[in-house]
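Before any comments, here is the structure.
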Amino acid sequence: MKKLIFPILCLFIYQKASAQTDSHKLQFSWGNKFHIVDENGFRVKRNLKKEEMRNLLSDNPNALSLYNQFRSNMTTSKVLGWSSAGTAVAGLGLILAGIDWDTGDINNTLVWSGIGLEFVTIALSASSIAFNVSAKTKGYRLSNYYNKTQTHTLNLGLTRHGIGLVYKF
């Protein structure tokens, strides 16, 4: 009987260890990208696309709502950022066009229009930064919320030192 218990116990432990799923976490990086990392911190999947994120978050409506807010704020930030770059170039062009370099005369209308566009550039850049900070905050909040809502399991399985209790979270 003793000879039969050990192989059955080994078979049970092997089956439990192979049936375990790895606990993966969602990580948000400064590049505004989401990654899936394992319990050791290694990236399993890098740069998740929009469709992959929506599939991952489909069973959690609060996390999906945070992700949609993140995408909206990030898109607004990019639009305002590129618009500010365009107005900066246009304002500088108007300022340079308003100066007659040969005679030193200044066309006040063009110069003041260019200065006005530079102030518009400052306002667009400031609002772009505000939306970007809000988006990054929502990205970090999303990854923390998603990782907290994952289930915790305690199983008997293989560890790096042999057989033992494995706590997955």
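As shown in the structure tokens, the chain order sets the letters A, B, ...; within each chain, residues go from 1, and ligands are also counted from 1 in the order they appear.
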
Item checked: Neighbour list for Asn47 (chain A) as a ChimeraX atom specification, cut-off 10 Å, only C-alpha atoms, skip fewer than 5 positions in-chain -> /A:28-29,31-36,52-53

Write the residues of the selection above to a file with N, CA and C atoms, as a short mmCIF file (atom, residue, chain, number, x, y, z; two decimals), in the first residue's frame.
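Result went into result.cif, see below:
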```cif
data_model
loop_
_atom_site.label_atom_id
_atom_site.label_comp_id
_atom_site.auth_asym_id
_atom_site.auth_seq_id
_atom_site.Cartn_x
_atom_site.Cartn_y
_atom_site.Cartn_z
N PHE A 28 1.89 49.56 -16.69
CA PHE A 28 1.85 50.76 -17.52
C PHE A 28 3.22 51.40 -17.49
N SER A 29 3.76 51.73 -18.66
CA SER A 29 5.10 52.31 -18.71
C SER A 29 5.03 53.76 -19.16
N GLY A 31 6.12 55.14 -21.69
CA GLY A 31 5.88 55.31 -23.11
C GLY A 31 4.41 55.22 -23.47
N ASN A 32 3.54 55.31 -22.46
CA ASN A 32 2.09 55.21 -22.63
C ASN A 32 1.70 53.87 -23.22
N LYS A 33 2.42 52.84 -22.87
CA LYS A 33 2.16 51.48 -23.34
C LYS A 33 1.80 50.60 -22.17
N PHE A 34 0.95 49.63 -22.45
CA PHE A 34 0.59 48.64 -21.45
C PHE A 34 1.29 47.33 -21.79
N HIS A 35 1.78 46.65 -20.76
CA HIS A 35 2.48 45.38 -20.92
C HIS A 35 1.90 44.37 -19.95
N ILE A 36 2.02 43.09 -20.31
CA ILE A 36 1.67 42.01 -19.39
C ILE A 36 2.98 41.46 -18.84
N GLU A 52 -6.47 44.44 -28.07
CA GLU A 52 -6.03 43.49 -27.05
C GLU A 52 -6.39 43.98 -25.65
N MET A 53 -6.25 45.28 -25.42
CA MET A 53 -6.61 45.84 -24.12
C MET A 53 -8.11 45.73 -23.88
#
```

Margin query: Considering only C-alpha atoms, can you say which of A:Asn108, A:Ser72, A:Ser83, A:Ser23 comes closest to Gly139 (chain A)?
Written below: A:Ser72

Notebook entry, point to check: Looking at only C-alpha atoms, which of A:Glu51, A:Asp59, A:Glu118, A:Glu39 is the one that sits closest to Val89 (chain A)?
Noted result: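 Looking at the shortest contact to Val89 (chain A), the residue is A:Glu118.
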
Margin query: Counting only C-alpha atoms, which residue out of A:Ile122, A:Ile115, A:Leu57, A:Ala63 sits closest to Ile95 (chain A)?
Written below: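 Checking each candidate against Ile95 (chain A), we get A:Ile115 as the closest.
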
Item checked: Closest of A:His24, A:Val79, A:Arg54, A:Ala123 to Tyr67 (chain A) - atom-to-atom distances counting only C-alpha atoms -> A:Arg54

Next item on the list: Write out as number ranges by chain which residues come within 12 Å of Tyr145 (chain A) when counting only C-alpha atoms, dropping same-chain ones fewer than 5 positions away.
Entry: A: 25-28, 57, 60-67, 138-140, 150

Item checked: Residues within 7 Å of Ser77 (chain A), only C-alpha atoms, excluding chain neighbours under 4 positions, as a list in words ->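 Once the adjacent positions are removed, what remains is Asn73, Gly81, Ser128, Ile129, Phe131 and Asn132 of chain A.
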
For N, CA and C atoms, I'd like the residues from the last selection saved as a PDB file, in the first residue's frame.
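Produced file out38.pdb, reproduced below:
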```
ATOM      1  N   ASN A  73      -8.153  61.024 -23.156  1.00  0.00           N
ATOM      2  CA  ASN A  73      -7.233  62.075 -22.713  1.00  0.00           C
ATOM      3  C   ASN A  73      -5.926  62.053 -23.490  1.00  0.00           C
ATOM      4  N   GLY A  81      -1.019  68.970 -28.631  1.00  0.00           N
ATOM      5  CA  GLY A  81       0.433  69.093 -28.753  1.00  0.00           C
ATOM      6  C   GLY A  81       0.876  69.395 -30.174  1.00  0.00           C
ATOM      7  N   SER A 128      -2.231  70.819 -23.316  1.00  0.00           N
ATOM      8  CA  SER A 128      -1.763  69.505 -23.746  1.00  0.00           C
ATOM      9  C   SER A 128      -1.057  68.781 -22.605  1.00  0.00           C
ATOM     10  N   ILE A 129      -0.254  69.497 -21.853  1.00  0.00           N
ATOM     11  CA  ILE A 129       0.440  68.905 -20.712  1.00  0.00           C
ATOM     12  C   ILE A 129      -0.567  68.456 -19.655  1.00  0.00           C
ATOM     13  N   PHE A 131      -3.716  67.481 -20.096  1.00  0.00           N
ATOM     14  CA  PHE A 131      -4.378  66.261 -20.554  1.00  0.00           C
ATOM     15  C   PHE A 131      -3.442  65.058 -20.501  1.00  0.00           C
ATOM     16  N   ASN A 132      -2.160  65.284 -20.794  1.00  0.00           N
ATOM     17  CA  ASN A 132      -1.184  64.198 -20.757  1.00  0.00           C
ATOM     18  C   ASN A 132      -0.986  63.684 -19.329  1.00  0.00           C
TER      19      ASN A 132
END
```

If we count only C-alpha atoms and set the cut-off at 8 Å, which residues sit around Thr109 (chain A), ignoring sequence neighbours fewer than 3 positions away in its own chain? Please answer as a PDB file with N, CA and C atoms, in the first residue's frame.
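Final output, selection-v9.pdb:
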```pdb
ATOM      1  N   GLY A  98       7.325  89.872 -40.772  1.00  0.00           N
ATOM      2  CA  GLY A  98       6.994  91.259 -40.474  1.00  0.00           C
ATOM      3  C   GLY A  98       8.204  92.167 -40.379  1.00  0.00           C
ATOM      4  N   TRP A 112       2.775  91.642 -34.475  1.00  0.00           N
ATOM      5  CA  TRP A 112       1.859  91.432 -33.358  1.00  0.00           C
ATOM      6  C   TRP A 112       0.966  90.207 -33.578  1.00  0.00           C
ATOM      7  N   SER A 113       0.646  89.902 -34.821  1.00  0.00           N
ATOM      8  CA  SER A 113      -0.099  88.666 -35.092  1.00  0.00           C
ATOM      9  C   SER A 113       0.749  87.451 -34.739  1.00  0.00           C
TER      10      SER A 113
END
```

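Interatomic distance, CA of Gln69 (chain A) to CA of Arg141 (chain A): 11.2 Å.
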
DSSP helix (DSSP H, G or I) residues within region 38-78 of chain A, as a PDB file with N, CA and C atoms, in the first residue's frame:
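The file below, out25.pdb, is the result:
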```
ATOM      1  N   LYS A  50      -4.900  48.420 -28.860  1.00  0.00           N
ATOM      2  CA  LYS A  50      -6.200  48.824 -28.344  1.00  0.00           C
ATOM      3  C   LYS A  50      -7.181  47.656 -28.283  1.00  0.00           C
ATOM      4  N   GLU A  51      -7.214  46.828 -29.312  1.00  0.00           N
ATOM      5  CA  GLU A  51      -8.138  45.692 -29.332  1.00  0.00           C
ATOM      6  C   GLU A  51      -7.774  44.663 -28.262  1.00  0.00           C
ATOM      7  N   GLU A  52      -6.467  44.436 -28.070  1.00  0.00           N
ATOM      8  CA  GLU A  52      -6.029  43.488 -27.046  1.00  0.00           C
ATOM      9  C   GLU A  52      -6.390  43.979 -25.646  1.00  0.00           C
ATOM     10  N   MET A  53      -6.253  45.280 -25.423  1.00  0.00           N
ATOM     11  CA  MET A  53      -6.611  45.837 -24.124  1.00  0.00           C
ATOM     12  C   MET A  53      -8.109  45.729 -23.881  1.00  0.00           C
ATOM     13  N   ARG A  54      -8.901  46.003 -24.895  1.00  0.00           N
ATOM     14  CA  ARG A  54     -10.360  45.912 -24.734  1.00  0.00           C
ATOM     15  C   ARG A  54     -10.784  44.470 -24.478  1.00  0.00           C
ATOM     16  N   ASN A  55     -10.143  43.501 -25.135  1.00  0.00           N
ATOM     17  CA  ASN A  55     -10.454  42.092 -24.866  1.00  0.00           C
ATOM     18  C   ASN A  55     -10.041  41.698 -23.452  1.00  0.00           C
ATOM     19  N   LEU A  56      -8.900  42.202 -22.999  1.00  0.00           N
ATOM     20  CA  LEU A  56      -8.415  41.889 -21.663  1.00  0.00           C
ATOM     21  C   LEU A  56      -9.328  42.467 -20.583  1.00  0.00           C
ATOM     22  N   PRO A  61     -16.033  46.130 -16.242  1.00  0.00           N
ATOM     23  CA  PRO A  61     -16.515  47.395 -16.808  1.00  0.00           C
ATOM     24  C   PRO A  61     -15.845  48.631 -16.225  1.00  0.00           C
ATOM     25  N   ASN A  62     -15.468  48.608 -14.944  1.00  0.00           N
ATOM     26  CA  ASN A  62     -14.794  49.776 -14.363  1.00  0.00           C
ATOM     27  C   ASN A  62     -13.411  49.974 -14.976  1.00  0.00           C
ATOM     28  N   ALA A  63     -12.685  48.895 -15.176  1.00  0.00           N
ATOM     29  CA  ALA A  63     -11.362  48.994 -15.792  1.00  0.00           C
ATOM     30  C   ALA A  63     -11.488  49.431 -17.253  1.00  0.00           C
ATOM     31  N   LEU A  64     -12.504  48.943 -17.947  1.00  0.00           N
ATOM     32  CA  LEU A  64     -12.717  49.346 -19.338  1.00  0.00           C
ATOM     33  C   LEU A  64     -13.057  50.829 -19.424  1.00  0.00           C
ATOM     34  N   SER A  65     -13.835  51.320 -18.469  1.00  0.00           N
ATOM     35  CA  SER A  65     -14.157  52.748 -18.432  1.00  0.00           C
ATOM     36  C   SER A  65     -12.900  53.588 -18.201  1.00  0.00           C
ATOM     37  N   LEU A  66     -12.035  53.149 -17.285  1.00  0.00           N
ATOM     38  CA  LEU A  66     -10.771  53.860 -17.064  1.00  0.00           C
ATOM     39  C   LEU A  66      -9.902  53.846 -18.312  1.00  0.00           C
ATOM     40  N   TYR A  67      -9.898  52.727 -19.021  1.00  0.00           N
ATOM     41  CA  TYR A  67      -9.093  52.642 -20.240  1.00  0.00           C
ATOM     42  C   TYR A  67      -9.634  53.591 -21.315  1.00  0.00           C
ATOM     43  N   ASN A  68     -10.953  53.674 -21.449  1.00  0.00           N
ATOM     44  CA  ASN A  68     -11.536  54.589 -22.433  1.00  0.00           C
ATOM     45  C   ASN A  68     -11.229  56.039 -22.089  1.00  0.00           C
ATOM     46  N   GLN A  69     -11.250  56.389 -20.800  1.00  0.00           N
ATOM     47  CA  GLN A  69     -10.877  57.735 -20.386  1.00  0.00           C
ATOM     48  C   GLN A  69      -9.397  58.006 -20.675  1.00  0.00           C
ATOM     49  N   PHE A  70      -8.559  57.008 -20.436  1.00  0.00           N
ATOM     50  CA  PHE A  70      -7.133  57.130 -20.740  1.00  0.00           C
ATOM     51  C   PHE A  70      -6.921  57.421 -22.225  1.00  0.00           C
ATOM     52  N   ARG A  71      -7.578  56.631 -23.089  1.00  0.00           N
ATOM     53  CA  ARG A  71      -7.419  56.814 -24.540  1.00  0.00           C
ATOM     54  C   ARG A  71      -7.914  58.193 -24.976  1.00  0.00           C
ATOM     55  N   SER A  72      -9.040  58.632 -24.429  1.00  0.00           N
ATOM     56  CA  SER A  72      -9.601  59.928 -24.788  1.00  0.00           C
ATOM     57  C   SER A  72      -8.659  61.069 -24.391  1.00  0.00           C
ATOM     58  N   ASN A  73      -8.153  61.024 -23.156  1.00  0.00           N
ATOM     59  CA  ASN A  73      -7.233  62.075 -22.713  1.00  0.00           C
ATOM     60  C   ASN A  73      -5.926  62.053 -23.490  1.00  0.00           C
ATOM     61  N   MET A  74      -5.427  60.871 -23.818  1.00  0.00           N
ATOM     62  CA  MET A  74      -4.175  60.786 -24.562  1.00  0.00           C
ATOM     63  C   MET A  74      -4.353  61.325 -25.985  1.00  0.00           C
ATOM     64  N   THR A  75      -5.477  61.012 -26.608  1.00  0.00           N
ATOM     65  CA  THR A  75      -5.740  61.524 -27.956  1.00  0.00           C
ATOM     66  C   THR A  75      -5.861  63.042 -27.946  1.00  0.00           C
ATOM     67  N   THR A  76      -6.582  63.582 -26.965  1.00  0.00           N
ATOM     68  CA  THR A  76      -6.718  65.037 -26.854  1.00  0.00           C
ATOM     69  C   THR A  76      -5.361  65.690 -26.625  1.00  0.00           C
ATOM     70  N   SER A  77      -4.537  65.071 -25.807  1.00  0.00           N
ATOM     71  CA  SER A  77      -3.204  65.611 -25.547  1.00  0.00           C
ATOM     72  C   SER A  77      -2.355  65.648 -26.813  1.00  0.00           C
ATOM     73  N   LYS A  78      -2.432  64.586 -27.604  1.00  0.00           N
ATOM     74  CA  LYS A  78      -1.643  64.552 -28.843  1.00  0.00           C
ATOM     75  C   LYS A  78      -2.124  65.597 -29.839  1.00  0.00           C
TER      76      LYS A  78
END
```

Item checked: Residues within 12 Å of Phe119 (chain A), only C-alpha atoms, excluding chain neighbours under 4 positions, as a ChimeraX atom specification -> /A:84,87-88,90-92,112-115,123-126

Notebook entry, point to check: Using only C-alpha atoms, which of A:Leu142, A:Val120, A:Ala135, A:Leu110 sits nearest Gly86 (chain A)?
Noted result: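 Counting only C-alpha atoms, the residue closest to Gly86 (chain A) is A:Val120.
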